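One file, final_29.tsv, carrying TSV, C-alpha atoms and all ligand atoms:
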chain	number	residue	atom	x	y	z
A	1	MET	CA	25.27	-16.12	-7.41
A	2	SER	CA	21.78	-16.97	-8.57
A	3	LEU	CA	20.88	-15.59	-11.98
A	4	VAL	CA	17.24	-15.31	-10.97
A	5	GLU	CA	16.59	-12.29	-8.79
A	6	SER	CA	14.58	-13.19	-5.72
A	7	PRO	CA	11.61	-11.01	-4.82
A	8	LEU	CA	11.70	-8.42	-2.06
A	9	LEU	CA	8.14	-9.37	-1.08
A	10	SER	CA	6.12	-12.49	-1.83
A	11	ILE	CA	2.46	-12.98	-1.04
A	12	ARG	CA	1.00	-16.47	-1.22
A	13	ASN	CA	-2.58	-17.74	-0.89
A	14	PHE	CA	-3.73	-14.57	0.82
A	15	TYR	CA	-7.32	-14.56	2.06
A	16	LYS	CA	-9.22	-12.11	4.21
A	17	LYS	CA	-12.84	-12.66	5.11
A	18	TYR	CA	-15.08	-10.56	7.33
A	19	GLY	CA	-17.48	-13.01	8.95
A	20	ASP	CA	-17.31	-16.71	9.82
A	21	GLY	CA	-17.98	-18.11	6.35
A	22	CYS	CA	-20.22	-21.11	5.72
A	23	LEU	CA	-20.39	-24.21	3.54
A	24	PHE	CA	-21.76	-22.17	0.66
A	25	CYS	CA	-18.96	-19.66	0.47
A	26	THR	CA	-15.87	-21.31	1.94
A	27	THR	CA	-15.16	-23.63	-0.96
A	28	ASP	CA	-13.06	-21.64	-3.36
A	29	SER	CA	-13.80	-21.81	-7.02
A	30	GLU	CA	-13.11	-19.41	-9.86
A	31	SER	CA	-16.43	-20.36	-11.42
A	32	GLU	CA	-19.67	-18.55	-10.69
A	33	ASN	CA	-21.00	-19.34	-7.20
A	34	PRO	CA	-24.80	-18.85	-7.06
A	35	TYR	CA	-24.59	-18.29	-3.29
A	36	MET	CA	-22.34	-15.24	-3.70
A	37	ASP	CA	-23.30	-11.70	-4.63
A	38	GLY	CA	-19.91	-10.39	-5.71
A	39	ASN	CA	-17.66	-10.94	-2.70
A	40	ARG	CA	-20.57	-11.33	-0.21
A	41	CYS	CA	-22.14	-14.65	0.74
A	42	LEU	CA	-25.93	-14.51	0.41
A	43	GLU	CA	-26.31	-17.29	2.99
A	44	CYS	CA	-24.17	-16.07	5.89
A	45	GLY	CA	-23.31	-12.47	4.97
A	46	THR	CA	-19.56	-13.05	5.09
A	47	VAL	CA	-17.55	-10.70	2.89
A	48	TRP	CA	-14.51	-12.25	1.20
A	49	ALA	CA	-12.49	-9.04	0.83
A	50	CYS	CA	-9.42	-10.80	-0.64
A	51	ARG	CA	-9.42	-14.26	-2.09
A	52	ASN	CA	-6.36	-16.32	-2.98
A	53	LEU	CA	-4.01	-13.48	-3.85
A	54	ASN	CA	-0.52	-14.44	-5.06
A	55	PHE	CA	2.10	-11.98	-6.25
A	56	ASP	CA	5.75	-10.89	-5.94
A	57	LEU	CA	7.39	-7.48	-5.78
A	58	TYR	CA	10.98	-7.00	-6.91
A	59	GLN	CA	13.71	-4.59	-5.80
A	60	GLY	CA	13.13	-1.05	-7.08
A	61	GLU	CA	9.80	-1.90	-8.67
A	62	ILE	CA	6.55	0.07	-8.32
A	63	LEU	CA	3.57	-2.25	-8.31
A	64	GLY	CA	0.10	-0.81	-8.80
A	65	ILE	CA	-3.04	-2.38	-7.39
A	66	VAL	CA	-6.12	-1.07	-9.10
A	67	GLY	CA	-9.79	-1.87	-8.63
A	68	GLU	CA	-13.12	-0.27	-7.92
A	69	SER	CA	-14.29	0.68	-4.46
A	70	GLY	CA	-14.79	-2.50	-2.43
A	71	SER	CA	-12.44	-4.65	-4.54
A	72	GLY	CA	-10.17	-5.34	-1.55
A	73	LYS	CA	-7.24	-2.94	-2.12
A	74	SER	CA	-7.22	-1.31	1.32
A	75	THR	CA	-7.71	-4.64	3.08
A	76	LEU	CA	-4.65	-6.00	1.32
A	77	VAL	CA	-2.43	-3.00	2.06
A	78	LYS	CA	-3.57	-2.80	5.69
A	79	SER	CA	-2.68	-6.48	6.06
A	80	LEU	CA	0.77	-5.94	4.52
A	81	PHE	CA	1.38	-3.27	7.18
A	82	PHE	CA	0.01	-5.62	9.89
A	83	ASN	CA	-2.97	-3.40	10.63
A	84	GLU	CA	-5.32	-6.27	9.70
A	85	GLU	CA	-5.02	-9.97	10.48
A	86	PRO	CA	-5.23	-12.11	7.37
A	87	THR	CA	-7.57	-15.09	7.44
A	88	TYR	CA	-4.96	-17.29	5.74
A	89	GLY	CA	-1.86	-16.63	3.74
A	90	GLU	CA	1.85	-16.12	3.72
A	91	MET	CA	4.03	-13.02	3.43
A	92	TYR	CA	7.79	-13.24	2.94
A	93	LEU	CA	10.20	-10.28	3.11
A	94	ALA	CA	13.68	-10.79	1.64
A	95	SER	CA	15.09	-8.48	4.32
A	96	TYR	CA	13.80	-10.67	7.15
A	97	ARG	CA	15.37	-14.09	7.74
A	98	ASP	CA	16.37	-14.34	4.06
A	99	GLY	CA	12.73	-14.36	3.03
A	100	GLU	CA	12.15	-17.79	4.55
A	101	GLN	CA	9.83	-16.88	7.41
A	102	ASN	CA	6.12	-16.30	6.89
A	103	VAL	CA	5.92	-12.96	8.69
A	104	PHE	CA	2.15	-13.20	9.15
A	105	ASP	CA	2.98	-15.95	11.67
A	106	CYS	CA	5.41	-13.78	13.65
A	107	SER	CA	4.77	-12.34	17.09
A	108	HIS	CA	3.24	-8.94	17.66
A	109	GLN	CA	6.70	-7.62	18.65
A	110	THR	CA	8.31	-8.85	15.43
A	111	LYS	CA	5.54	-7.28	13.37
A	112	ARG	CA	6.08	-4.01	15.23
A	113	TYR	CA	9.82	-4.30	14.52
A	114	LEU	CA	9.12	-4.86	10.80
A	115	GLN	CA	6.71	-1.91	10.71
A	116	ASN	CA	9.37	0.31	12.27
A	117	HIS	CA	12.40	-0.91	10.33
A	118	GLU	CA	11.35	-2.50	7.05
A	119	LEU	CA	8.13	-0.77	6.01
A	120	GLY	CA	6.77	2.68	5.36
A	121	MET	CA	3.10	3.51	4.93
A	122	VAL	CA	1.35	6.57	3.54
A	123	ASP	CA	-2.33	6.57	4.41
A	124	GLN	CA	-5.09	7.87	2.16
A	125	ASN	CA	-6.06	10.16	5.01
A	126	PRO	CA	-3.22	12.27	6.47
A	127	TYR	CA	-5.25	12.52	9.70
A	128	HIS	CA	-4.64	8.77	10.17
A	129	GLY	CA	-0.95	8.87	9.29
A	130	LEU	CA	0.14	12.02	11.14
A	131	ARG	CA	-0.26	13.58	14.54
A	132	MET	CA	-1.78	16.84	13.46
A	133	ASP	CA	-0.79	18.71	16.61
A	134	TYR	CA	2.85	17.58	16.75
A	135	SER	CA	5.34	19.64	14.77
A	136	SER	CA	6.20	18.23	11.34
A	137	GLY	CA	9.74	17.57	12.58
A	138	GLY	CA	8.22	15.85	15.63
A	139	ASN	CA	6.19	13.54	13.38
A	140	ILE	CA	9.36	12.47	11.61
A	141	ALA	CA	11.21	12.13	14.92
A	142	GLU	CA	8.49	9.77	16.15
A	143	LYS	CA	9.24	7.37	13.32
A	144	LEU	CA	13.00	7.78	13.84
A	145	ILE	CA	12.73	6.97	17.55
A	146	ALA	CA	10.68	3.87	16.70
A	147	ALA	CA	13.51	2.88	14.36
A	148	ASP	CA	16.01	3.21	17.26
A	149	TYR	CA	17.50	6.64	16.56
A	150	SER	CA	18.38	8.37	19.83
A	151	HIS	CA	20.80	11.18	18.96
A	152	VAL	CA	18.80	14.41	18.86
A	153	GLY	CA	21.21	16.19	16.50
A	154	GLN	CA	21.06	13.30	14.03
A	155	MET	CA	17.28	13.26	14.19
A	156	VAL	CA	17.04	16.99	13.46
A	157	GLU	CA	19.46	16.61	10.56
A	158	ARG	CA	17.50	13.68	9.13
A	159	ALA	CA	14.17	15.51	9.54
A	160	GLU	CA	15.59	18.53	7.68
A	161	GLU	CA	16.92	16.34	4.90
A	162	LEU	CA	13.55	14.58	4.53
A	163	LEU	CA	11.49	17.77	4.53
A	164	GLU	CA	13.77	19.22	1.88
A	165	LYS	CA	13.29	16.10	-0.20
A	166	VAL	CA	9.52	16.53	-0.14
A	167	GLU	CA	9.81	20.27	-0.75
A	168	ILE	CA	8.53	21.50	2.62
A	169	PRO	CA	10.53	24.57	3.70
A	170	VAL	CA	12.75	23.57	6.61
A	171	ALA	CA	11.77	26.86	8.27
A	172	ARG	CA	8.29	25.33	8.75
A	173	MET	CA	9.61	22.22	10.49
A	174	ASN	CA	8.21	23.32	13.85
A	175	GLU	CA	4.72	23.91	12.52
A	176	PRO	CA	2.08	21.21	12.97
A	177	PRO	CA	0.63	19.57	9.82
A	178	ARG	CA	-2.79	20.87	10.90
A	179	LYS	CA	-1.64	24.25	9.54
A	180	PHE	CA	-0.64	22.81	6.15
A	181	SER	CA	-2.60	22.29	2.94
A	182	GLY	CA	-3.75	18.76	1.97
A	183	GLY	CA	-0.89	18.36	-0.52
A	184	MET	CA	1.67	19.49	2.07
A	185	GLN	CA	0.23	17.11	4.65
A	186	GLN	CA	0.65	14.23	2.19
A	187	ARG	CA	4.25	15.33	1.61
A	188	VAL	CA	4.93	15.33	5.37
A	189	GLN	CA	3.42	11.83	5.53
A	190	ILE	CA	5.74	10.71	2.73
A	191	SER	CA	8.78	12.13	4.52
A	192	LYS	CA	7.73	10.38	7.74
A	193	ALA	CA	7.24	7.08	5.92
A	194	LEU	CA	10.73	7.35	4.41
A	195	ALA	CA	12.43	8.28	7.69
A	196	ASN	CA	13.60	4.75	8.56
A	197	ARG	CA	14.85	4.13	4.98
A	198	PRO	CA	12.39	1.27	4.41
A	199	PRO	CA	13.04	-1.05	1.47
A	200	LEU	CA	9.26	-1.19	0.94
A	201	LEU	CA	6.84	1.74	0.88
A	202	LEU	CA	3.06	1.16	0.87
A	203	LEU	CA	1.00	3.98	-0.58
A	204	GLY	CA	-2.76	4.19	-0.05
A	205	GLU	CA	-4.96	6.33	-2.31
A	206	ILE	CA	-2.71	9.23	-1.49
A	207	THR	CA	-4.01	11.75	-4.01
A	208	THR	CA	-7.70	11.37	-3.22
A	209	GLY	CA	-9.29	14.70	-2.47
A	210	LEU	CA	-6.41	16.79	-3.83
A	211	ASP	CA	-6.73	19.25	-6.71
A	212	LEU	CA	-5.43	17.97	-10.03
A	213	SER	CA	-2.34	20.21	-10.02
A	214	VAL	CA	-1.52	19.24	-6.42
A	215	GLN	CA	-2.08	15.57	-7.35
A	216	ALA	CA	0.40	15.89	-10.19
A	217	ARG	CA	3.02	17.38	-7.85
A	218	VAL	CA	2.63	14.59	-5.31
A	219	LEU	CA	2.86	11.92	-8.04
A	220	ASP	CA	5.95	13.61	-9.49
A	221	LEU	CA	7.52	13.64	-6.07
A	222	ILE	CA	6.87	9.91	-5.61
A	223	ARG	CA	8.54	9.18	-8.94
A	224	THR	CA	11.56	11.32	-8.10
A	225	ILE	CA	11.93	9.64	-4.72
A	226	GLN	CA	11.70	6.21	-6.28
A	227	GLN	CA	14.39	7.05	-8.83
A	228	GLU	CA	16.69	8.53	-6.18
A	229	LEU	CA	16.22	6.02	-3.40
A	230	LYS	CA	15.33	2.91	-5.44
A	231	VAL	CA	12.73	2.04	-2.82
A	232	SER	CA	10.17	-0.57	-3.88
A	233	MET	CA	6.57	0.58	-3.69
A	234	ILE	CA	3.04	-0.73	-3.74
A	235	VAL	CA	0.55	1.90	-4.86
A	236	ILE	CA	-3.17	1.36	-4.59
A	237	SER	CA	-5.70	3.39	-6.51
A	238	HIS	CA	-9.10	3.17	-8.13
A	239	ASP	CA	-7.72	5.62	-10.69
A	240	LEU	CA	-5.96	4.03	-13.65
A	241	GLY	CA	-4.48	7.45	-14.50
A	242	VAL	CA	-2.48	7.38	-11.25
A	243	ILE	CA	-1.48	3.77	-11.86
A	244	ARG	CA	-0.35	4.55	-15.42
A	245	MET	CA	1.73	7.49	-14.25
A	246	LEU	CA	3.51	5.70	-11.43
A	247	THR	CA	3.77	1.99	-11.84
A	248	ASP	CA	5.82	-0.60	-13.73
A	249	ARG	CA	3.51	-3.52	-13.15
A	250	THR	CA	-0.15	-3.72	-12.18
A	251	LEU	CA	-2.51	-6.14	-10.48
A	252	VAL	CA	-6.16	-5.66	-11.25
A	253	LEU	CA	-8.45	-6.61	-8.36
A	254	ASN	CA	-12.11	-7.35	-8.84
A	255	GLN	CA	-14.31	-8.57	-5.98
A	256	GLY	CA	-11.29	-9.64	-3.99
A	257	ARG	CA	-9.55	-11.59	-6.76
A	258	ILE	CA	-6.67	-10.75	-9.07
A	259	VAL	CA	-8.16	-10.81	-12.55
A	260	GLU	CA	-5.12	-9.49	-14.39
A	261	ASN	CA	-1.43	-9.11	-13.61
A	262	GLY	CA	1.13	-7.68	-16.00
A	263	LEU	CA	3.23	-4.78	-17.19
A	264	THR	CA	1.25	-1.56	-16.75
A	265	ASP	CA	1.89	-0.42	-20.33
A	266	GLN	CA	0.68	-3.73	-21.70
A	267	ILE	CA	-2.43	-3.72	-19.54
A	268	MET	CA	-3.24	-0.21	-20.74
A	269	GLU	CA	-2.71	-1.06	-24.38
A	270	ASP	CA	-4.18	-4.51	-24.50
A	271	PRO	CA	-6.32	-5.38	-21.46
A	272	GLN	CA	-7.28	-9.05	-21.46
A	273	HIS	CA	-9.98	-9.37	-18.83
A	274	ALA	CA	-13.43	-7.88	-19.47
A	275	TYR	CA	-13.29	-5.98	-16.18
A	276	THR	CA	-9.90	-4.43	-17.04
A	277	GLN	CA	-11.22	-3.54	-20.50
A	278	LEU	CA	-14.02	-1.62	-18.81
A	279	LEU	CA	-11.59	0.22	-16.54
A	280	VAL	CA	-9.26	1.11	-19.41
A	281	HIS	CA	-12.06	2.24	-21.69
A	282	SER	CA	-13.50	4.42	-18.97
A	283	LEU	CA	-10.15	6.22	-18.88
A	284	LEU	CA	-10.13	6.99	-22.59
B	301	LIG	N1	-14.09	-4.13	8.96
B	301	LIG	C1	-14.85	-4.62	7.99
B	301	LIG	N2	-15.92	-5.38	8.27
B	301	LIG	C2	-16.69	-5.92	7.31
B	301	LIG	N3	-16.46	-5.77	5.99
B	301	LIG	C3	-15.39	-5.03	5.64
B	301	LIG	C4	-14.54	-4.41	6.61
B	301	LIG	N4	-13.55	-3.75	5.95
B	301	LIG	C5	-13.78	-3.93	4.63
B	301	LIG	N5	-14.89	-4.69	4.46
B	301	LIG	C6	-15.45	-5.12	3.16
B	301	LIG	O1	-14.39	-5.72	2.42
B	301	LIG	C7	-14.53	-5.40	1.03
B	301	LIG	C8	-13.23	-4.78	0.55
B	301	LIG	O2	-13.06	-3.52	1.16
B	301	LIG	P1	-11.77	-2.60	0.93
B	301	LIG	O3	-11.92	-1.39	1.81
B	301	LIG	O4	-10.56	-3.41	1.07
B	301	LIG	O5	-11.95	-2.20	-0.60
B	301	LIG	P2	-11.22	-1.08	-1.43
B	301	LIG	O6	-10.98	-1.64	-2.77
B	301	LIG	O7	-10.05	-0.56	-0.68
B	301	LIG	O8	-12.33	0.05	-1.50
B	301	LIG	P3	-12.19	1.63	-1.33
B	301	LIG	O9	-11.43	2.10	-2.52
B	301	LIG	O10	-13.62	2.11	-1.32
B	301	LIG	O11	-11.50	1.88	-0.02
B	301	LIG	C9	-15.73	-4.48	0.92
B	301	LIG	O12	-16.84	-5.26	0.50
B	301	LIG	C10	-15.92	-3.95	2.33
B	301	LIG	O13	-17.28	-3.68	2.57
How would this structure read if it were set down as structure tokens?
Amino acid sequence: MSLVESPLLSIRNFYKKYGDGCLFCTTDSESENPYMDGNRCLECGTVWACRNLNFDLYQGEILGIVGESGSGKSTLVKSLFFNEEPTYGEMYLASYRDGEQNVFDCSHQTKRYLQNHELGMVDQNPYHGLRMDYSSGGNIAEKLIAADYSHVGQMVERAEELLEKVEIPVARMNEPPRKFSGGMQQRVQISKALANRPPLLLLGEITTGLDLSVQARVLDLIRTIQQELKVSMIVISHDLGVIRMLTDRTLVLNQGRIVENGLTDQIMEDPQHAYTQLLVHSLL
């Protein structure tokens, strides 16, 4: 047995650009590029949303990705769920072919299989992640069917178990999420994302737009679920408060690049990069 635990997810040399790129912006350099305004090339208008990202996620860990609006967080998470094509880069999942296959290179069918069996995603906007006119149980059943469940009794049982876990009364299972509050809709999304027992859960800015007390309940729920199910999570947020409450380790993104990567507590106490210092001080 190896003494070094291998990661559940590895991302290598990940780039995503919107636009064709040109001579002035394609060459990668950490130093100041006079042809770039932040992540946008002044010559050709290409936006480099993510640039040379490298990181690992380990079993049972919650990794936070924090950065201001436009720093590339959503682009990264959408790509990890195969809703965006990366420009370059590699993604390895320990649960698929022993982590030796770059899954970005896989076929559309394989990506669909991974989405249905290995990943869960909670979108910032419940209207994107749920069918508002299906029943809540039906939303969960949709994910279960995609993950090859076919026994109706088992699906009902699983849907009840999941709704209980996220504190939605089972008696409301037949109601559509459209009739629920924002916090309840996010909880239905969480139960749907967990339906296939994914080893990796991707969470968008899931508390945006919720009242503070509702936010706190949703964050509490995420923590409880993580402790019970030991599922690994990636949480993105522009809010360091959310990151501090939920995560073990944090990547700080600025203009598409990782500027700091470390234990969340350490980053909060002793931020190294000027950008992180700004973020942390704005929280105090
Ligand atoms: N489809 C697109 N076409 C062109 N540019 C895009 C597209 N999607 C994102 N971008 C650009 O990529 C950069 C990163 O955007 P992204 O949405 O990933 O940032 P973010 O950190 O998630 O921001 P927010 O918190 O506001 O959602 C931004 O400059 C954005 O304008």
**OP:** List all protein, DNA and RNA residues that have any atom at most 12 Å from ligand LIG 301 (chain B), counting only C-alpha atoms and all ligand atoms, and write the list as a PyMOL selection string.
**Re:** chain A and resi 15-20+37-41+45-51+65-79+83-86+123-125+203-206+208+235-239+252-258
Original post:
Pick from A:Ala94, A:Ala147, A:Val103, A:Leu42: nearest to A:Phe82, with all atoms listed in the file counted?
Top reply: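 Among the listed residues, A:Val103 lies closest to A:Phe82.
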Original post:
Mind pulling up the distance from atom CA of A:Ile11 to atom CA of A:Met91?
Top reply: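 Between these atoms lies a distance of 4.7 Å.
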**OP:** Tell me, in Å to one decimal, how far atom CA of A:Arg217 is from atom CA of A:Pro271.
**Re:** 28.1 Å
**OP:** Find, counting only C-alpha atoms, the residue in A:Arg223, A:Gln215, A:Asn196, A:Val259 that gets nearest to A:Gln277.
**Re:**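 Of A:Arg223, A:Gln215, A:Asn196, A:Val259, the one nearest A:Gln277 is A:Val259, counting only C-alpha atoms.
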Original post:
Which residues come within 8 Å of A:Leu263, counting all atoms listed in the file, excluding same-chain residues fewer than 5 positions away, as a list in words?
Top reply: Asp248, Arg249 and Thr250 of chain A
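Here atom CA of A:Gln109 and atom CA of A:Ala159 stand 26.0 Å from one another.
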Subject >> Selected residue, from A:Leu278, A:Leu63, A:Val188, A:Met268, that lies nearest to A:Arg131 when counting only C-alpha atoms >> reply: A:Val188
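Ranking A:Leu194, A:Leu240, A:Leu163, A:Leu201 by their shortest atom-to-atom distance to A:Lys143, with only C-alpha atoms included, puts A:Leu194 first.
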Original post:
Can you list, as number ranges by chain, every protein, DNA or RNA residue that comes within 12 Å of A:Gly138 when you count only C-alpha atoms, leaving out same-chain residues fewer than 2 positions away?
Top reply: A: 130-136, 140-145, 152, 155-156, 158-160, 163, 172-177, 188-189, 191-192, 195
**OP:** Have a look at A:Gly183, A:Pro34, A:Gly129, A:Gly262 and name the one nearest to A:Ile168; count only C-alpha atoms.
**Re:**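 Answer, going by the shortest atom-to-atom distance: A:Gly183.
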Original post:
Of the residues A:Gly60, A:Thr87, A:Arg12, A:Pro199, which is the one nearest to A:Thr26, using all atoms listed in the file?
Top reply: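 When distances to A:Thr26 are compared using all atoms listed in the file, the smallest one comes from A:Thr87.
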Would you give the centre and edge lengths, in Å to one decimal, of a box along x, y and z around the listed atoms of stretch 230-242 of chain A, with 4 Å added to each side, as JSON?
{"center_x": 3.1, "center_y": 3.4, "center_z": -8.7, "size_x": 32.4, "size_y": 16.2, "size_z": 19.7}
